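Participant: First the structure, which I've put down as C-alpha cells, then a few questions once you've had a look.
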Number of protein chains: 2
Amino acid sequence: MEIILAKPIGYCYGVERAMNITYETLKSEKNNIYTLGPIIHNPQVVKKLKDNGIKIIENLENDYVGTLIIRAHGIDPKKLERARKMGLKVIDATCPFVKKNQKRATQLVKEGYFLVVIGEKEHPEILGILANANGPFMVIENKSDYKKLPDVKRVGVITQTTQSMENFISVVSYLLEKYKEIKIFNTICDETIERQKSARNIANKVDLMLVVGGKNSANTKRLAEIGKSINENTYHIETSEEIIKKWLKGVKKVGISGGASTPKWLIDEAIKKIKKITSH
Amino acid sequence: MEIILAKPIGYCYGVERAMNITYETLKSEKNNIYTLGPIIHNPQVVKKLKDNGIKIIENLENDYVGTLIIRAHGIDPKKLERARKMGLKVIDATCPFVKKNQKRATQLVKEGYFLVVIGEKEHPEILGILANANGPFMVIENKSDYKKLPDVKRVGVITQTTQSMENFISVVSYLLEKYKEIKIFNTICDETIERQKSARNIANKVDLMLVVGGKNSANTKRLAEIGKSINENTYHIETSEEIIKKWLKGVKKVGISGGASTPKWLIDEAIKKIKKITSH
C-alpha cells in the first residue's frame with residue numbers, strides 16, 4: 001500500500017496566519033474573544049477553538065464586549081465600523097490575498113467597470129468583496145447565471161481566491177463573446193492553483209483518492225470535484241472516521257489531498273486510519 | 001441542386017468604403033493615383049483597379065507625384081508622414097474598425113500594458129497597429145508563439161479585426177493562466193463574427209462548401225479553415241474557373257461563403273459556373 005500526499009498539504013498561508021493570530025490572541029486577551037462566523041471553514045478546528053473559549057457570533061445585533069477577530073474570509077466594512085463603534089477591539093485575520101482581492105474589486109468599480117465576480121454567491125469572501133467594492137456587480141456561480149449578465153460596455157472580472165482555473169477560464173471564455181472590453185484580475189491564489197494541480201496529478205495515478213477538509217470549505221469541494229472528474233473513486237471526507245474498509249479493497253495506491261483550511265493533524269489521522277485498516 | 005449563400009456576402013463595410021473612395025478618387029483626380037500595397041486583399045479586384053490606372057507601390061523610397069490612397073488595412077504613421085513630406089496628396093481609406101483597433105492598441109501601451117496582438121505577424125493591419133501603438137509588443141499567431149511570451153505583470157490584448165473567435169478565446173485562455181492582470185479589447189469586427197457564424201452554420205448543412213476570396217485574404221482563409229473543420233468537402237477558390245466538375249458529383253446542396261474583400265460579382269460568377277456544370 002502506497003500513500004501519495006498532495007503538495008502543499010496542511011493549512012495555506014492565509015489560514016495558518018489566521019490561526020496564529022487567533023492563538024496569540026487567546027494567550028494575550030483576558031476578555032471575551034469573538035469571531036463573526038467561523039474563522040476558517042473547518043468544523044473540527046473551529047470546535048477546538050470553541051473548546052478553548054472562542055465565541056462564534058452570527059451578527060453584531062447585540063452589544064458585545066471584548067475582542068473581535070476578523071475571519072480569514074474578510075468582512076463587510078460597514079460591519080467592521082459597527083464593531084468598532086460598539087467598542088470591540090478588532091484584530092484583523094483577513095487573508096492578505098483576500099484583502100488584495102477586495103482592493104482589485106474596488107479598483108475595477110472605481111475605474112467604471114461593471115464588476116463580474118466568479119465565485120459562490122453566499123461565500124463570506126464574496127460577500128466581503130462585494131461590500132468593499134460597493135458598485136454594480138454580478139456573481140457568476142455557474143452557466144445558469146450567464147443569461148442574467150447585463151448589456152454593458154465594459155466588465156471588470158475578479159475571481160474567488162479558491163476558484164478552479166477551469167471554471168475561471170470557462171466563464172471568461174463566455175464573457176469574451178459578450179463584451180468588447182474586459183479587464184481581468186486572476187485573483188485565484190497561487191496555493192489554490194498548486195493544490196488543484198497536485199490533486200489532478202495524483203488522481204490520475206491512484207486507485208483511491210481522499211480529499212480531506214470541511215464540507216463547508218469551497219476550496220476543498222473544488223479539489224474533490226477535480227478528483228472526481230479524473231478518478232471516480234474519489235471521496236470528500238472531514239475526518240478519518242468516515243473512511244470505510246471497502247474503499248480500500250484491492251487498492252494499491254491511495255492519494256490524499258487537503259483543503260487550504262485542513263490542518264495537518266486531520267491528514268495524519270486519515271493516514272493512520274488507512275494503515276490500521278490495511279494492516280489487518 | 002440547392003445553393004445556400006452565406007450572410008453577409010460581398011464586400012464588408014470597410015472594404016466597400018475603401019472601394020467607393022478609390023472610385024471617387026479615380027473620377028476626380030487627374031494625377032497619378034497610388035496605393036501602398038494592394039488596397040484590399042483580392043487579386044481580381046486589384047487587377048481591375050490597375051487596369052483603371054491605379055498604381056500599386058511597395059514602398060516610398062522613390063519620389064512620387066500625385067495622390068496616395070491609404071489601403072483598408074491602415075498604415076504606419078511614419079510612412080504617412082513620409083508621404084506627406086514628399087508632397088503626395090493623401091486620401092485615407094483605412095477601415096474605421098481597423099482605425100479603432102489602432103487606437104485601442106495605442107491606449108493599452110499608454111496605460112502601461114505589454115501589448116499582445118492576436119493575428120498574423122506580417123499582415124498589413126497588424127504592422128499598421130504595431131507602428132501606431134509604438135510600445136513593447138508581441139504578436140501571437142499560433143501556439144508555438146506562447147513560449148516567447150515575456151514575464152511581465154500586465155498584458156493588454158487586442159486582436160486582428162478578422163481573427164476567428166475560436167482562436168481569440170484559445171489564446172486568451174492561455175494568457176489567463178500566465179498573467180495576473182489582463183485588459184482585453186475584443187476587436188474582431190462584427191461582420192467577421194457574422195461571416196464566421198454563417199460559414200459554420202452552412203458548412204454543417206451542405207455536401208459541398210465553397211469559400212470565395214483572395215488566397216492572400218486573412219479573413220477568407222479563416223472562413224475556409226472553419227468550413228474545412230466542419231465539412232471536409234470545403235474548397236477555397238479565388239474565381240469560378242477553379243471549380244471542378246467532380247466536386248459537384250452527387251452533390252445536392254452547395255454552400256457559398258465569401259471573404260470581406262470578395263466582390264459580389266465573383267460570387268455570382270461562381271453560382272453561374274455551378275449552374276452551368278450541373279445543368280449538363
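Every chain in the C-alpha cells takes a letter, A first, then B, and so on in the order presented; its residues are numbered from 1, and the ligands are numbered from 1 following the presented order.
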Contacts of range 150-156 of chain B at 8 Å or less, counting only C-alpha atoms, minus same-chain residues fewer than 5 places along, as a short mmCIF file (atom, residue, chain, number, x, y, z; two decimals) with all heavy atoms, in the first residue's frame?

Facilitator:
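Dumped everything to around.cif:
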```cif
data_model
loop_
_atom_site.label_atom_id
_atom_site.label_comp_id
_atom_site.auth_asym_id
_atom_site.auth_seq_id
_atom_site.Cartn_x
_atom_site.Cartn_y
_atom_site.Cartn_z
N ALA B 105 -4.93 49.75 -29.31
CA ALA B 105 -3.55 49.29 -29.07
C ALA B 105 -2.72 50.42 -28.46
O ALA B 105 -1.98 50.23 -27.49
CB ALA B 105 -2.93 48.80 -30.37
N LEU B 108 -3.67 50.93 -24.81
CA LEU B 108 -3.10 49.90 -23.92
C LEU B 108 -1.63 50.17 -23.63
O LEU B 108 -1.17 50.05 -22.49
CB LEU B 108 -3.28 48.50 -24.53
CG LEU B 108 -4.72 47.97 -24.54
CD1 LEU B 108 -4.83 46.68 -25.36
CD2 LEU B 108 -5.23 47.72 -23.13
N VAL B 109 -0.89 50.57 -24.67
CA VAL B 109 0.54 50.88 -24.48
C VAL B 109 0.68 52.08 -23.54
O VAL B 109 1.49 52.06 -22.61
CB VAL B 109 1.23 51.14 -25.84
CG1 VAL B 109 2.60 51.79 -25.64
CG2 VAL B 109 1.38 49.83 -26.61
N GLY B 112 0.39 51.40 -19.97
CA GLY B 112 1.49 50.62 -19.37
C GLY B 112 1.40 49.12 -19.57
O GLY B 112 2.15 48.37 -18.95
N TYR B 113 0.48 48.69 -20.40
CA TYR B 113 0.38 47.25 -20.64
C TYR B 113 1.39 46.80 -21.69
O TYR B 113 1.69 47.54 -22.62
CB TYR B 113 -1.03 46.88 -21.15
CG TYR B 113 -2.10 47.01 -20.11
CD1 TYR B 113 -2.88 48.17 -20.03
CD2 TYR B 113 -2.34 46.00 -19.19
CE1 TYR B 113 -3.86 48.31 -19.05
CE2 TYR B 113 -3.33 46.13 -18.22
CZ TYR B 113 -4.08 47.28 -18.16
OH TYR B 113 -5.04 47.42 -17.20
N PHE B 114 1.89 45.58 -21.53
CA PHE B 114 2.66 44.93 -22.59
C PHE B 114 1.61 44.47 -23.60
O PHE B 114 0.67 43.73 -23.26
CB PHE B 114 3.45 43.74 -22.03
CG PHE B 114 4.22 43.02 -23.09
CD1 PHE B 114 5.52 43.40 -23.41
CD2 PHE B 114 3.64 41.96 -23.79
CE1 PHE B 114 6.23 42.75 -24.41
CE2 PHE B 114 4.34 41.31 -24.80
CZ PHE B 114 5.63 41.71 -25.10
N LEU B 115 1.78 44.91 -24.85
CA LEU B 115 0.75 44.66 -25.87
C LEU B 115 0.86 43.27 -26.48
O LEU B 115 1.91 42.89 -27.00
CB LEU B 115 0.88 45.72 -26.97
CG LEU B 115 -0.18 45.70 -28.08
CD1 LEU B 115 -1.57 46.00 -27.53
CD2 LEU B 115 0.19 46.70 -29.18
N VAL B 116 -0.23 42.51 -26.40
CA VAL B 116 -0.30 41.21 -27.07
C VAL B 116 -1.34 41.33 -28.19
O VAL B 116 -2.50 41.67 -27.93
CB VAL B 116 -0.70 40.08 -26.09
CG1 VAL B 116 -0.95 38.77 -26.84
CG2 VAL B 116 0.38 39.89 -25.04
N TYR B 179 -0.82 35.28 -16.82
CA TYR B 179 -0.76 36.65 -16.30
C TYR B 179 -1.86 36.93 -15.28
O TYR B 179 -2.98 36.45 -15.42
CB TYR B 179 -0.86 37.65 -17.46
CG TYR B 179 0.29 37.51 -18.43
CD1 TYR B 179 0.09 36.93 -19.69
CD2 TYR B 179 1.57 37.91 -18.09
CE1 TYR B 179 1.15 36.77 -20.58
CE2 TYR B 179 2.63 37.76 -18.96
CZ TYR B 179 2.41 37.20 -20.21
OH TYR B 179 3.46 37.03 -21.08
N LYS B 180 -1.53 37.75 -14.30
CA LYS B 180 -2.48 38.07 -13.23
C LYS B 180 -3.41 39.22 -13.64
O LYS B 180 -4.51 39.33 -13.12
CB LYS B 180 -1.72 38.48 -11.95
CG LYS B 180 -0.95 37.34 -11.31
CD LYS B 180 -1.87 36.39 -10.58
CE LYS B 180 -1.08 35.34 -9.80
NZ LYS B 180 -1.94 34.24 -9.34
N GLU B 181 -2.92 40.11 -14.51
CA GLU B 181 -3.76 41.23 -14.95
C GLU B 181 -3.79 41.29 -16.47
O GLU B 181 -2.74 41.38 -17.10
CB GLU B 181 -3.24 42.56 -14.38
CG GLU B 181 -4.12 43.73 -14.82
CD GLU B 181 -3.65 45.08 -14.27
OE1 GLU B 181 -2.85 45.13 -13.33
OE2 GLU B 181 -4.10 46.10 -14.85
N ILE B 182 -4.98 41.26 -17.01
CA ILE B 182 -5.13 41.29 -18.47
C ILE B 182 -6.27 42.23 -18.83
O ILE B 182 -7.38 42.12 -18.30
CB ILE B 182 -5.49 39.89 -19.03
CG1 ILE B 182 -4.51 38.83 -18.51
CG2 ILE B 182 -5.49 39.90 -20.55
CD1 ILE B 182 -4.82 37.42 -18.99
N LYS B 183 -5.97 43.16 -19.72
CA LYS B 183 -7.05 44.01 -20.23
C LYS B 183 -7.26 43.65 -21.69
O LYS B 183 -6.31 43.66 -22.48
CB LYS B 183 -6.68 45.49 -20.07
CG LYS B 183 -7.80 46.42 -20.51
CD LYS B 183 -7.57 47.81 -19.95
CE LYS B 183 -8.55 48.82 -20.52
NZ LYS B 183 -8.34 50.14 -19.90
N ILE B 184 -8.48 43.34 -22.03
CA ILE B 184 -8.75 42.80 -23.36
C ILE B 184 -9.75 43.67 -24.11
O ILE B 184 -10.80 44.02 -23.59
CB ILE B 184 -9.36 41.39 -23.25
CG1 ILE B 184 -8.42 40.46 -22.48
CG2 ILE B 184 -9.67 40.81 -24.63
CD1 ILE B 184 -9.08 39.17 -22.03
N PHE B 185 -9.39 44.00 -25.35
CA PHE B 185 -10.38 44.57 -26.26
C PHE B 185 -10.65 43.53 -27.33
O PHE B 185 -9.73 43.13 -28.05
CB PHE B 185 -9.86 45.86 -26.91
CG PHE B 185 -9.80 47.03 -25.98
CD1 PHE B 185 -8.59 47.54 -25.54
CD2 PHE B 185 -10.97 47.62 -25.52
CE1 PHE B 185 -8.53 48.62 -24.68
CE2 PHE B 185 -10.92 48.71 -24.66
CZ PHE B 185 -9.71 49.21 -24.23
#
```

Participant: Based on DSSP run over this structure's backbone, return all residues of range 19-248 of chain B in helix (DSSP H, G or I), as a PyMOL selection string.

Facilitator: chain B and resi 19-28+43-51+77-85+96-110+124-133+143-148+165-178+190-203+218-230+240-242+245-248

Participant: Given the selection you just returned, output its residues as a file containing C-alpha atoms, formatted as a short mmCIF file (atom, residue, chain, number, x, y, z; two decimals), in the first residue's frame.

Facilitator:
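Output file result-v7.cif is given in full below:
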```
data_model
loop_
_atom_site.label_atom_id
_atom_site.label_comp_id
_atom_site.auth_asym_id
_atom_site.auth_seq_id
_atom_site.Cartn_x
_atom_site.Cartn_y
_atom_site.Cartn_z
CA MET B 19 -13.58 50.84 -52.88
CA ASN B 20 -16.00 53.78 -53.05
CA ILE B 21 -13.24 56.16 -52.00
CA THR B 22 -10.98 54.69 -54.67
CA TYR B 23 -13.54 55.01 -57.48
CA GLU B 24 -14.42 58.55 -56.38
CA THR B 25 -10.71 59.41 -56.47
CA LEU B 26 -10.36 57.86 -59.92
CA LYS B 27 -13.19 60.12 -61.12
CA SER B 28 -11.90 63.35 -59.57
CA PRO B 43 -6.28 39.94 -56.69
CA GLN B 44 -9.19 40.11 -59.18
CA VAL B 45 -10.42 43.45 -57.88
CA VAL B 46 -6.89 44.84 -57.64
CA LYS B 47 -6.26 43.82 -61.25
CA LYS B 48 -9.35 45.79 -62.32
CA LEU B 49 -8.10 48.83 -60.43
CA LYS B 50 -4.72 48.53 -62.11
CA ASP B 51 -6.46 48.35 -65.48
CA PRO B 77 2.29 56.73 -39.20
CA LYS B 78 5.96 57.23 -40.16
CA LYS B 79 5.17 56.22 -43.72
CA LEU B 80 2.19 58.54 -43.72
CA GLU B 81 4.46 61.39 -42.63
CA ARG B 82 6.96 60.50 -45.34
CA ALA B 83 4.19 60.53 -47.99
CA ARG B 84 3.02 63.95 -46.84
CA LYS B 85 6.54 65.35 -46.81
CA PRO B 96 -12.84 52.61 -39.44
CA PHE B 97 -12.73 49.40 -37.40
CA VAL B 98 -9.02 48.99 -38.12
CA LYS B 99 -8.53 52.60 -37.04
CA LYS B 100 -10.36 51.90 -33.79
CA ASN B 101 -8.11 48.87 -33.33
CA GLN B 102 -5.03 51.10 -33.74
CA LYS B 103 -6.46 53.43 -31.09
CA ARG B 104 -7.11 50.58 -28.67
CA ALA B 105 -3.55 49.29 -29.07
CA THR B 106 -2.16 52.78 -28.52
CA GLN B 107 -4.34 53.19 -25.42
CA LEU B 108 -3.10 49.90 -23.92
CA VAL B 109 0.54 50.88 -24.48
CA LYS B 110 -0.10 54.28 -22.89
CA PRO B 124 -0.58 44.93 -43.04
CA GLU B 125 -3.31 45.56 -40.45
CA ILE B 126 -1.02 44.19 -37.73
CA LEU B 127 2.03 46.08 -38.99
CA GLY B 128 -0.02 49.28 -39.02
CA ILE B 129 -1.33 48.66 -35.49
CA LEU B 130 2.14 47.99 -34.09
CA ALA B 131 3.61 51.05 -35.76
CA ASN B 132 0.81 53.18 -34.31
CA ALA B 133 1.00 51.72 -30.80
CA LYS B 143 0.55 28.12 -30.06
CA SER B 144 4.24 27.97 -30.97
CA ASP B 145 4.47 31.65 -30.00
CA TYR B 146 3.35 31.04 -26.40
CA LYS B 147 6.82 30.12 -25.19
CA LYS B 148 8.14 33.50 -26.30
CA MET B 165 -13.45 33.88 -32.25
CA GLU B 166 -12.16 30.35 -31.50
CA ASN B 167 -8.55 31.39 -31.89
CA PHE B 168 -9.12 34.55 -29.87
CA ILE B 169 -10.66 32.57 -26.98
CA SER B 170 -7.99 29.91 -27.17
CA VAL B 171 -5.12 32.43 -26.93
CA VAL B 172 -6.79 34.38 -24.10
CA SER B 173 -7.36 31.12 -22.19
CA TYR B 174 -3.62 30.55 -22.30
CA LEU B 175 -2.89 34.11 -21.16
CA LEU B 176 -5.29 33.72 -18.21
CA GLU B 177 -3.02 31.05 -16.75
CA LYS B 178 0.15 33.09 -17.27
CA ASP B 190 -18.97 42.26 -36.04
CA GLU B 191 -19.11 41.40 -39.72
CA THR B 192 -16.24 38.95 -39.30
CA ILE B 193 -18.14 37.25 -36.49
CA GLU B 194 -21.32 37.13 -38.59
CA ARG B 195 -19.49 35.66 -41.59
CA GLN B 196 -17.83 33.03 -39.42
CA LYS B 197 -21.12 32.06 -37.78
CA SER B 198 -22.80 31.82 -41.15
CA ALA B 199 -19.96 29.73 -42.65
CA ARG B 200 -20.14 27.36 -39.68
CA ASN B 201 -23.87 27.07 -39.95
CA ILE B 202 -23.85 26.42 -43.70
CA ALA B 203 -20.89 24.00 -43.65
CA ALA B 218 -6.68 36.51 -43.94
CA ASN B 219 -10.39 36.51 -43.24
CA THR B 220 -11.17 34.37 -46.30
CA LYS B 221 -8.57 31.84 -45.18
CA ARG B 222 -10.21 31.76 -41.74
CA LEU B 223 -13.61 31.07 -43.31
CA ALA B 224 -12.09 28.23 -45.31
CA GLU B 225 -10.46 26.81 -42.16
CA ILE B 226 -13.77 26.97 -40.31
CA GLY B 227 -15.57 25.31 -43.25
CA LYS B 228 -12.92 22.59 -43.52
CA SER B 229 -13.05 21.84 -39.79
CA ILE B 230 -16.76 21.06 -40.11
CA SER B 240 -15.18 30.37 -60.72
CA GLU B 241 -12.55 28.90 -63.04
CA GLU B 242 -11.21 26.83 -60.17
CA LYS B 245 -16.84 19.18 -62.27
CA LYS B 246 -16.11 16.24 -59.99
CA TRP B 247 -16.58 18.37 -56.85
CA LEU B 248 -20.28 18.56 -57.76
#
```

Participant: Go through A:Ile274, A:Val254, A:Cys189, A:Ile237 and flag the residue nearest chain B, using only C-alpha atoms for the distances.

Facilitator: A:Cys189

Participant: By how many Å are CA of Thr94 in chain A and CA of Ile75 in chain A apart?

Facilitator: 7.9 Å

Participant: Could you tell me how far CA of Pro8 in chain B lies from CA of Thr262 in chain B, in Å and to one decimal?

Facilitator: 11.1 Å

Participant: Could you check how far CA of Ile256 in chain A sits from CA of Thr159 in chain A, in Å to one decimal?

Facilitator: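 Here the two named atoms are 26.1 Å from each other.
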
Participant: Tell me, which residues of range 155-279 of chain A carry DSSP strand (DSSP E or B), written as number ranges by chain?

Facilitator: A: 155-159, 181-185, 208-212, 234-237, 253-258

Participant: Just the residues within 8 Å of Val251 in chain B, please, counting only C-alpha atoms, with nothing from its chain fewer than 6 positions along; format it as a ChimeraX atom specification.

Facilitator: /B:1,207-208

Participant: Could you name the residues that touch Glu141 in chain B at 8 Å or less, counting only C-alpha atoms, but leaving out those on the same chain fewer than 4 positions away, as a PyMOL selection string?

Facilitator: chain B and resi 118-121+145
